[in-house]
file coords-v1.tsv (TSV, C-alpha atoms (C1' of nucleotides))
chain	number	residue	atom	x	y	z
A	1	MET	CA	57.94	152.26	65.45
A	2	ALA	CA	61.24	152.39	63.61
A	3	ASP	CA	61.71	156.11	64.00
A	4	PHE	CA	65.28	155.36	64.85
A	5	ARG	CA	68.17	156.30	62.64
A	6	LEU	CA	71.43	154.79	63.78
A	7	ASP	CA	73.48	157.45	62.03
A	8	ASP	CA	71.68	160.15	63.97
A	9	PHE	CA	72.21	158.39	67.27
A	10	LEU	CA	74.73	160.12	69.48
A	11	PRO	CA	76.50	157.04	70.85
A	12	TRP	CA	77.07	155.75	67.36
A	13	GLN	CA	78.23	159.15	66.14
A	14	LEU	CA	80.68	159.37	69.00
A	15	ALA	CA	82.07	155.93	68.32
A	16	GLU	CA	82.44	156.66	64.65
A	17	LEU	CA	84.00	160.05	65.23
A	18	ALA	CA	86.45	158.74	67.79
A	19	ASP	CA	87.47	155.94	65.47
A	20	ARG	CA	88.13	158.25	62.54
A	21	VAL	CA	90.02	160.76	64.65
A	22	SER	CA	92.10	158.00	66.17
A	23	ARG	CA	92.96	156.56	62.78
A	24	GLY	CA	93.78	159.96	61.40
A	25	LEU	CA	96.06	160.74	64.29
A	26	SER	CA	97.83	157.42	64.29
A	27	GLY	CA	98.66	158.00	60.65
A	28	LEU	CA	100.99	160.71	61.84
A	29	TYR	CA	103.31	158.36	63.70
A	30	ARG	CA	102.48	154.89	62.53
A	31	ASP	CA	104.54	154.87	59.36
A	32	LYS	CA	107.55	156.66	60.68
A	33	PHE	CA	107.96	155.10	64.11
A	34	ARG	CA	105.98	151.90	63.77
A	35	ILE	CA	104.22	152.28	67.07
A	36	SER	CA	100.62	151.43	67.90
A	37	VAL	CA	98.02	153.65	69.51
A	38	ALA	CA	98.59	151.97	72.86
A	39	GLU	CA	102.32	152.59	72.58
A	40	TRP	CA	101.76	156.21	71.62
A	41	ARG	CA	99.62	156.70	74.70
A	42	VAL	CA	102.27	155.27	76.94
A	43	VAL	CA	105.07	157.45	75.61
A	44	ALA	CA	102.78	160.47	75.54
A	45	HIS	CA	102.07	159.97	79.19
A	46	LEU	CA	105.72	159.40	79.88
A	47	SER	CA	106.51	162.77	78.36
A	48	GLN	CA	104.77	164.43	81.26
A	49	ALA	CA	106.71	162.82	84.07
A	50	GLU	CA	110.16	161.36	84.47
A	51	LYS	CA	109.39	158.03	86.01
A	52	VAL	CA	105.97	156.48	85.83
A	53	SER	CA	104.86	153.07	86.98
A	54	VAL	CA	102.73	150.74	84.92
A	55	ARG	CA	100.09	151.09	87.59
A	56	GLU	CA	99.89	154.85	87.18
A	57	ILE	CA	99.48	154.71	83.43
A	58	HIS	CA	96.83	152.06	83.85
A	59	ALA	CA	94.93	154.33	86.24
A	60	ARG	CA	95.35	157.58	84.34
A	61	VAL	CA	95.04	156.60	80.74
A	62	ARG	CA	92.51	153.87	81.50
A	63	MET	CA	94.42	151.23	79.66
A	64	GLY	CA	94.36	147.68	80.93
A	65	LYS	CA	97.40	146.81	83.00
A	66	TRP	CA	98.34	144.06	80.61
A	67	GLN	CA	98.02	146.48	77.71
A	68	VAL	CA	100.44	148.87	79.34
A	69	SER	CA	102.73	145.99	80.17
A	70	ARG	CA	102.84	144.69	76.63
A	71	ALA	CA	103.18	148.15	75.13
A	72	ALA	CA	106.09	148.78	77.48
A	73	GLN	CA	107.72	145.53	76.39
A	74	ARG	CA	107.59	146.51	72.74
A	75	LEU	CA	108.73	150.05	73.44
A	76	GLU	CA	111.66	148.79	75.46
A	77	SER	CA	112.68	146.30	72.82
A	78	ARG	CA	112.79	149.14	70.31
A	79	GLY	CA	114.84	151.29	72.61
A	80	TYR	CA	112.24	153.98	73.24
A	81	ILE	CA	111.83	153.46	76.96
A	82	ARG	CA	113.65	151.93	79.89
A	83	LYS	CA	112.16	149.72	82.55
A	84	ARG	CA	113.51	149.56	86.05
A	85	THR	CA	112.34	148.03	89.28
A	86	GLY	CA	111.10	150.56	91.79
A	87	ARG	CA	113.49	151.42	94.57
A	88	THR	CA	111.20	151.83	97.54
A	89	ASP	CA	108.52	149.46	96.32
A	90	ARG	CA	110.11	146.68	94.36
A	91	ARG	CA	106.82	145.53	92.93
A	92	LEU	CA	106.57	148.66	90.84
A	93	VAL	CA	108.17	148.99	87.44
A	94	GLU	CA	109.34	152.47	86.64
A	95	LEU	CA	109.11	153.46	83.01
A	96	SER	CA	111.11	156.33	81.58
A	97	LEU	CA	111.95	157.62	78.13
A	98	THR	CA	115.35	156.99	76.64
A	99	PRO	CA	116.92	159.82	74.63
A	100	LYS	CA	115.68	158.06	71.52
A	101	GLY	CA	112.19	157.88	72.98
A	102	ARG	CA	112.35	161.51	74.05
A	103	ALA	CA	113.33	162.49	70.52
A	104	MET	CA	110.41	160.57	69.11
A	105	VAL	CA	107.95	162.15	71.50
A	106	ASN	CA	109.31	165.59	70.77
A	107	GLU	CA	108.72	164.98	67.12
A	108	ILE	CA	105.23	163.56	67.46
A	109	ILE	CA	103.76	165.99	69.97
A	110	PRO	CA	103.83	169.06	67.71
A	111	LEU	CA	102.16	167.01	64.99
A	112	ALA	CA	99.55	165.81	67.44
A	113	LEU	CA	98.83	169.31	68.67
A	114	GLU	CA	98.57	170.52	65.11
A	115	TYR	CA	96.16	167.71	64.36
A	116	GLU	CA	93.99	168.69	67.30
A	117	LYS	CA	94.09	172.30	66.19
A	118	GLU	CA	92.94	171.44	62.68
A	119	LEU	CA	90.21	169.31	64.11
A	120	LEU	CA	88.89	172.14	66.21
A	121	ALA	CA	89.21	174.57	63.32
A	122	ARG	CA	86.47	172.64	61.57
A	123	VAL	CA	83.84	173.65	64.07
A	124	SER	CA	82.70	177.00	65.24
A	125	GLY	CA	83.37	177.68	68.89
A	126	LYS	CA	86.55	175.77	69.52
A	127	ARG	CA	86.54	176.40	73.21
A	128	GLU	CA	82.95	175.32	73.57
A	129	ALA	CA	83.80	172.15	71.70
A	130	LYS	CA	86.55	171.13	74.07
A	131	ASP	CA	84.47	172.14	77.04
A	132	LEU	CA	81.59	170.05	75.80
A	133	ILE	CA	83.65	166.93	75.36
A	134	ARG	CA	85.32	167.41	78.70
A	135	SER	CA	81.98	167.97	80.32
A	136	LEU	CA	80.53	164.82	78.84
A	137	LEU	CA	83.59	162.86	79.77
A	138	ARG	CA	83.46	164.05	83.35
A	139	SER	CA	79.83	163.13	83.63
A	140	MET	CA	80.73	159.56	82.70
A	141	GLU	CA	83.41	159.23	85.32
A	142	ALA	CA	81.19	157.43	87.78
A	143	SER	CA	80.48	154.64	85.35
A	144	ASN	CA	83.95	153.31	85.62
B	1	MET	CA	108.88	170.59	75.95
B	2	ALA	CA	106.44	168.23	77.63
B	3	ASP	CA	103.63	170.71	77.81
B	4	PHE	CA	101.39	167.94	76.66
B	5	ARG	CA	98.70	166.41	78.81
B	6	LEU	CA	97.19	163.33	77.27
B	7	ASP	CA	94.00	163.68	79.27
B	8	ASP	CA	93.47	167.15	77.89
B	9	PHE	CA	94.06	166.01	74.33
B	10	LEU	CA	90.89	165.96	72.27
B	11	PRO	CA	91.50	162.74	70.34
B	12	TRP	CA	92.10	160.87	73.56
B	13	GLN	CA	89.07	162.45	75.20
B	14	LEU	CA	86.93	161.44	72.29
B	15	ALA	CA	88.17	157.88	72.35
B	16	GLU	CA	87.63	157.64	76.07
B	17	LEU	CA	84.18	159.20	75.93
B	18	ALA	CA	83.06	157.00	73.05
B	19	ASP	CA	84.27	153.92	74.88
B	20	ARG	CA	82.42	154.76	78.07
B	21	VAL	CA	79.24	155.69	76.26
B	22	SER	CA	79.40	152.51	74.23
B	23	ARG	CA	79.87	150.37	77.32
B	24	GLY	CA	77.10	152.14	79.14
B	25	LEU	CA	74.73	151.66	76.27
B	26	SER	CA	75.57	148.05	75.66
B	27	GLY	CA	74.78	147.38	79.30
B	28	LEU	CA	71.18	148.04	78.40
B	29	TYR	CA	70.88	145.06	76.08
B	30	ARG	CA	73.84	142.83	76.76
B	31	ASP	CA	72.52	141.01	79.79
B	32	LYS	CA	69.00	140.56	78.58
B	33	PHE	CA	69.51	139.66	74.93
B	34	ARG	CA	73.14	138.53	74.89
B	35	ILE	CA	74.00	140.50	71.78
B	36	SER	CA	77.20	142.34	71.03
B	37	VAL	CA	77.62	145.93	69.93
B	38	ALA	CA	78.10	144.82	66.33
B	39	GLU	CA	74.91	142.78	66.51
B	40	TRP	CA	73.01	145.68	68.02
B	41	ARG	CA	74.11	147.91	65.18
B	42	VAL	CA	72.92	145.45	62.61
B	43	VAL	CA	69.46	145.02	64.11
B	44	ALA	CA	69.20	148.75	64.75
B	45	HIS	CA	69.86	149.41	61.11
B	46	LEU	CA	67.42	146.68	60.14
B	47	SER	CA	64.73	148.44	62.11
B	48	GLN	CA	64.78	151.25	59.59
B	49	ALA	CA	64.23	149.20	56.47
B	50	GLU	CA	62.56	145.93	55.68
B	51	LYS	CA	65.22	144.19	53.69
B	52	VAL	CA	68.82	145.24	53.83
B	53	SER	CA	71.83	143.62	52.25
B	54	VAL	CA	75.09	142.99	54.02
B	55	ARG	CA	76.67	145.36	51.58
B	56	GLU	CA	74.39	148.21	52.55
B	57	ILE	CA	75.02	147.83	56.25
B	58	HIS	CA	78.72	147.65	55.57
B	59	ALA	CA	78.52	150.94	53.68
B	60	ARG	CA	76.20	152.80	56.00
B	61	VAL	CA	77.30	151.75	59.43
B	62	ARG	CA	80.95	151.49	58.41
B	63	MET	CA	81.34	148.00	59.73
B	64	GLY	CA	83.61	145.61	57.93
B	65	LYS	CA	81.78	143.26	55.60
B	66	TRP	CA	83.01	140.27	57.53
B	67	GLN	CA	81.84	141.84	60.74
B	68	VAL	CA	78.36	142.26	59.38
B	69	SER	CA	78.48	138.76	58.01
B	70	ARG	CA	79.44	137.20	61.30
B	71	ALA	CA	77.01	139.30	63.28
B	72	ALA	CA	74.27	138.22	60.90
B	73	GLN	CA	75.24	134.58	61.39
B	74	ARG	CA	74.91	134.85	65.15
B	75	LEU	CA	71.69	136.82	64.92
B	76	GLU	CA	70.19	134.27	62.59
B	77	SER	CA	71.23	131.36	64.77
B	78	ARG	CA	69.43	133.01	67.67
B	79	GLY	CA	66.33	133.61	65.62
B	80	TYR	CA	66.49	137.39	65.54
B	81	ILE	CA	66.91	137.85	61.82
B	82	ARG	CA	66.36	135.94	58.60
B	83	LYS	CA	68.78	135.67	55.72
B	84	ARG	CA	67.65	135.18	52.17
B	85	THR	CA	69.33	135.29	48.83
B	86	GLY	CA	68.45	138.36	46.80
B	87	ARG	CA	65.88	137.81	44.08
B	88	THR	CA	67.17	140.04	41.32
B	89	ASP	CA	70.82	139.86	42.28
B	90	ARG	CA	71.56	136.48	43.76
B	91	ARG	CA	74.89	137.59	45.12
B	92	LEU	CA	73.17	139.78	47.67
B	93	VAL	CA	71.98	138.48	51.00
B	94	GLU	CA	68.85	140.18	52.24
B	95	LEU	CA	68.60	140.53	56.00
B	96	SER	CA	65.29	141.12	57.72
B	97	LEU	CA	64.02	141.00	61.28
B	98	THR	CA	61.96	138.09	62.47
B	99	PRO	CA	59.04	138.85	64.81
B	100	LYS	CA	61.32	137.89	67.67
B	101	GLY	CA	63.95	140.27	66.38
B	102	ARG	CA	61.41	143.00	65.87
B	103	ALA	CA	60.24	142.55	69.44
B	104	MET	CA	63.78	142.83	70.70
B	105	VAL	CA	64.45	145.99	68.72
B	106	ASN	CA	61.19	147.52	69.89
B	107	GLU	CA	62.27	146.90	73.45
B	108	ILE	CA	65.80	148.21	73.06
B	109	ILE	CA	65.17	151.34	71.03
B	110	PRO	CA	63.22	153.24	73.72
B	111	LEU	CA	65.98	152.40	76.19
B	112	ALA	CA	68.60	153.60	73.73
B	113	LEU	CA	66.78	156.85	73.10
B	114	GLU	CA	66.38	157.37	76.80
B	115	TYR	CA	70.08	156.76	77.26
B	116	GLU	CA	70.89	159.35	74.63
B	117	LYS	CA	68.52	161.77	76.27
B	118	GLU	CA	70.15	161.36	79.67
B	119	LEU	CA	73.53	161.79	78.07
B	120	LEU	CA	72.52	165.08	76.52
B	121	ALA	CA	70.86	166.21	79.71
B	122	ARG	CA	74.30	166.31	81.30
B	123	VAL	CA	75.47	169.17	79.14
B	124	SER	CA	74.07	172.57	78.56
B	125	GLY	CA	72.92	173.19	75.04
B	126	LYS	CA	71.72	169.80	73.94
B	127	ARG	CA	71.12	170.82	70.37
B	128	GLU	CA	74.50	172.45	70.07
B	129	ALA	CA	76.03	169.26	71.38
B	130	LYS	CA	74.48	167.06	68.73
B	131	ASP	CA	75.24	169.61	66.07
B	132	LEU	CA	78.84	169.78	67.15
B	133	ILE	CA	79.36	166.04	66.99
B	134	ARG	CA	77.59	165.81	63.67
B	135	SER	CA	79.65	168.66	62.34
B	136	LEU	CA	82.91	167.06	63.41
B	137	LEU	CA	81.82	163.74	62.01
B	138	ARG	CA	80.92	165.24	58.67
B	139	SER	CA	84.25	167.00	58.46
B	140	MET	CA	85.97	163.63	58.81
B	141	GLU	CA	84.04	162.01	56.01
B	142	ALA	CA	86.77	162.53	53.47
B	143	SER	CA	89.29	160.60	55.52
B	144	ASN	CA	87.55	157.35	54.81
C	1	DT	C1'	107.43	137.47	114.20
C	2	DG	C1'	104.25	134.96	111.34
C	3	DC	C1'	100.34	134.43	108.60
C	4	DA	C1'	96.52	136.16	105.91
C	5	DT	C1'	95.45	139.53	102.62
C	6	DA	C1'	96.28	143.01	99.09
C	7	DT	C1'	98.79	144.94	95.23
C	8	DC	C1'	101.82	145.02	91.13
C	9	DG	C1'	103.13	143.47	86.75
C	10	DT	C1'	103.28	139.53	83.63
C	11	DT	C1'	101.63	135.72	81.03
C	12	DG	C1'	98.71	131.67	79.31
C	13	DC	C1'	94.82	131.04	76.96
C	14	DA	C1'	90.58	131.69	74.76
C	15	DA	C1'	87.74	134.85	72.23
C	16	DT	C1'	87.66	138.52	68.93
C	17	DT	C1'	89.30	141.03	65.10
C	18	DG	C1'	91.13	142.34	60.60
C	19	DC	C1'	92.92	141.13	56.38
C	20	DA	C1'	93.35	138.76	52.36
C	21	DA	C1'	91.88	135.20	49.50
C	22	DC	C1'	88.21	132.64	47.91
C	23	DG	C1'	83.87	130.90	45.38
C	24	DA	C1'	79.68	132.42	43.53
C	25	DA	C1'	77.23	135.59	40.82
C	26	DG	C1'	76.83	139.47	37.74
C	27	DT	C1'	78.47	142.74	33.94
C	28	DC	C1'	80.34	144.08	29.77
C	29	DA	C1'	82.47	143.95	25.50
C	30	DA	C1'	84.15	141.41	21.55
D	1	DT	C1'	78.39	132.96	23.85
D	2	DT	C1'	82.61	133.41	25.80
D	3	DG	C1'	86.08	135.26	28.68
D	4	DA	C1'	87.98	138.99	31.42
D	5	DC	C1'	86.74	141.80	35.06
D	6	DT	C1'	83.92	143.37	39.04
D	7	DT	C1'	81.15	142.79	43.13
D	8	DC	C1'	79.13	140.27	47.05
D	9	DG	C1'	79.47	137.61	51.11
D	10	DT	C1'	82.10	134.12	53.61
D	11	DT	C1'	85.98	132.00	55.72
D	12	DG	C1'	90.94	130.62	57.00
D	13	DC	C1'	94.42	132.35	59.43
D	14	DA	C1'	97.28	135.27	61.91
D	15	DA	C1'	97.49	139.12	65.02
D	16	DT	C1'	95.34	141.43	68.80
D	17	DT	C1'	92.66	141.67	72.88
D	18	DG	C1'	90.69	140.78	77.40
D	19	DC	C1'	90.37	138.09	81.31
D	20	DA	C1'	91.82	135.39	84.92
D	21	DA	C1'	95.43	133.31	87.30
D	22	DC	C1'	100.05	133.54	88.71
D	23	DG	C1'	104.60	134.75	91.17
D	24	DA	C1'	106.69	138.33	93.60
D	25	DT	C1'	106.44	141.79	96.84
D	26	DA	C1'	104.33	144.56	100.41
D	27	DT	C1'	101.13	145.45	104.28
D	28	DG	C1'	98.55	144.77	108.36
D	29	DC	C1'	96.92	142.38	112.16
D	30	DA	C1'	97.22	138.80	115.73
call {"tool": "encode", "arguments": {"input": "coords-v1.tsv", "output": "structure tokens"}}
result
Amino acid sequence: MADFRLDDFLPWQLAELADRVSRGLSGLYRDKFRISVAEWRVVAHLSQAEKVSVREIHARVRMGKWQVSRAAQRLESRGYIRKRTGRTDRRLVELSLTPKGRAMVNEIIPLALEYEKELLARVSGKREAKDLIRSLLRSMEASN
Amino acid sequence: MADFRLDDFLPWQLAELADRVSRGLSGLYRDKFRISVAEWRVVAHLSQAEKVSVREIHARVRMGKWQVSRAAQRLESRGYIRKRTGRTDRRLVELSLTPKGRAMVNEIIPLALEYEKELLARVSGKREAKDLIRSLLRSMEASN
DNA sequence: TGCATATCGTTGCAATTGCAACGAAGTCAA
DNA sequence: TTGACTTCGTTGCAATTGCAACGATATGCA
């Protein structure tokens, strides 16, 4: 009995690690741009494609629809993104970066990539590390 | 520009993985015992030692003091733990499992260990996996 | 065409969370 | 012993979050 150490338990370690990494990363853009993690994820995803619907971000980034919606509201009010009703399907809301938003993303992304690089530099076998995480993540896909 | 895929970005992958693992794990005890993740962490830590103060859990498990405090309240009201004022230092609150709480922990822990085992079975190199996570976690310790 | 059903995004509301402030208790030095 | 300072745990309150329901739009079948 009681041969259980929480701090040696993988689920706890993962939660703790993810939390610290997330906080560390958000420190890179929080002060300067005053955006939250949810907002960062939205603009980061927007950097990949021109026009993206709320629905697509919800599906891809696994954020709640309402979370995307509210993040988009704040981002629009700050002038980082633009919201427009879809042309073919008028239920959709197309999100796209404004020049200001594009500038912000272009500033944050190098910092984010550098952060990831430093993170991986702390462990031996960087490629194995990313592969491992990806592998674990994939194996959890079913449990949606 | 825009050569950035959020779903290939390690911090996001970690956050996503941790979230899924946490949800999967909590499914093991949520329905049966109606306890939250925070409450599970408290009783799990209590399983290691007889009497533990709120302060110690706060420091070890990295939960906010108030979070521990509220979790302890709920756990006590359900009869899983007992709260008593410290003898030498009367500011401290000593938490300890009741027999009912002990029984619950003894039921959950094997399930939790099995869950961890299945998780690791999904990747090659189980030991390397745990070592990698631990290594990353340790390297983040400074950024408290 | 018309009606039932599904989907998209938003919002109201309740539950949860985090912070800061608080009272209680302890420590230390004058 | 007293008084300033620290630490512990709790709580009030505001911000955030998640869910469910909603209006608007689209789709599919009779």
call {"tool": "residues_near_point", "arguments": {"input": "coords-v1.tsv", "point": "(71.3, 146.2, 72.9)", "cutoff": "6 Å", "atoms": "all atoms listed in the file", "output": "PyMOL selection string"}}
result
chain B and resi 26+28-30+40+108
call {"tool": "closest_atom_pairs", "arguments": {"input": "coords-v1.tsv", "of": "chain A", "to": "chain D", "cutoff": "12 Å", "atoms": "only C-alpha atoms (C1' of nucleotides)", "output": "CSV"}}
result
residue,atom,partner,partner_atom,distance
A:Ser36,CA,D:DT16,C1',11.3
A:Ala38,CA,D:DT16,C1',11.8
A:Met63,CA,D:DG18,C1',11.3
A:Gly64,CA,D:DG18,C1',8.6
A:Lys65,CA,D:DG18,C1',10.6
A:Trp66,CA,D:DG18,C1',8.9
A:Gln67,CA,D:DT17,C1',8.7
A:Arg70,CA,D:DT17,C1',11.3
A:Thr85,CA,D:DT25,C1',11.4
A:Gly86,CA,D:DT25,C1',11.1
A:Thr88,CA,D:DA26,C1',10.4
A:Asp89,CA,D:DA26,C1',7.6
A:Arg90,CA,D:DT25,C1',6.6
A:Arg91,CA,D:DT25,C1',5.4
A:Leu92,CA,D:DT25,C1',9.1
A:Val93,CA,D:DT25,C1',12.0
call {"tool": "atom_distance", "arguments": {"input": "coords-v1.tsv", "atom1": "atom CA of Asp31 of chain B", "atom2": "atom CA of Asp3 of chain A"}}
result
24.4 Å
call {"tool": "atom_distance", "arguments": {"input": "coords-v1.tsv", "atom1": "atom CA of Leu111 of chain A", "atom2": "atom CA of Val61 of chain A"}}
result
20.2 Å
call {"tool": "closest_atom_pairs", "arguments": {"input": "coords-v1.tsv", "of": "chain C", "to": "chain B", "cutoff": "9 Å", "atoms": "all atoms listed in the file", "output": "Markdown table"}}
result
| residue | atom | partner | partner_atom | distance |
| --- | --- | --- | --- | --- |
| C:DT17 | C1' | B:Gln67 | CA | 8.7 |
| C:DG18 | C1' | B:Gly64 | CA | 8.6 |
| C:DA24 | C1' | B:Arg91 | CA | 7.2 |
| C:DA25 | C1' | B:Arg91 | CA | 5.3 |
| C:DG26 | C1' | B:Asp89 | CA | 7.5 |
call {"tool": "atom_distance", "arguments": {"input": "coords-v1.tsv", "atom1": "atom CA of Ala59 of chain B", "atom2": "atom CA of Phe9 of chain A"}}
result
16.7 Å
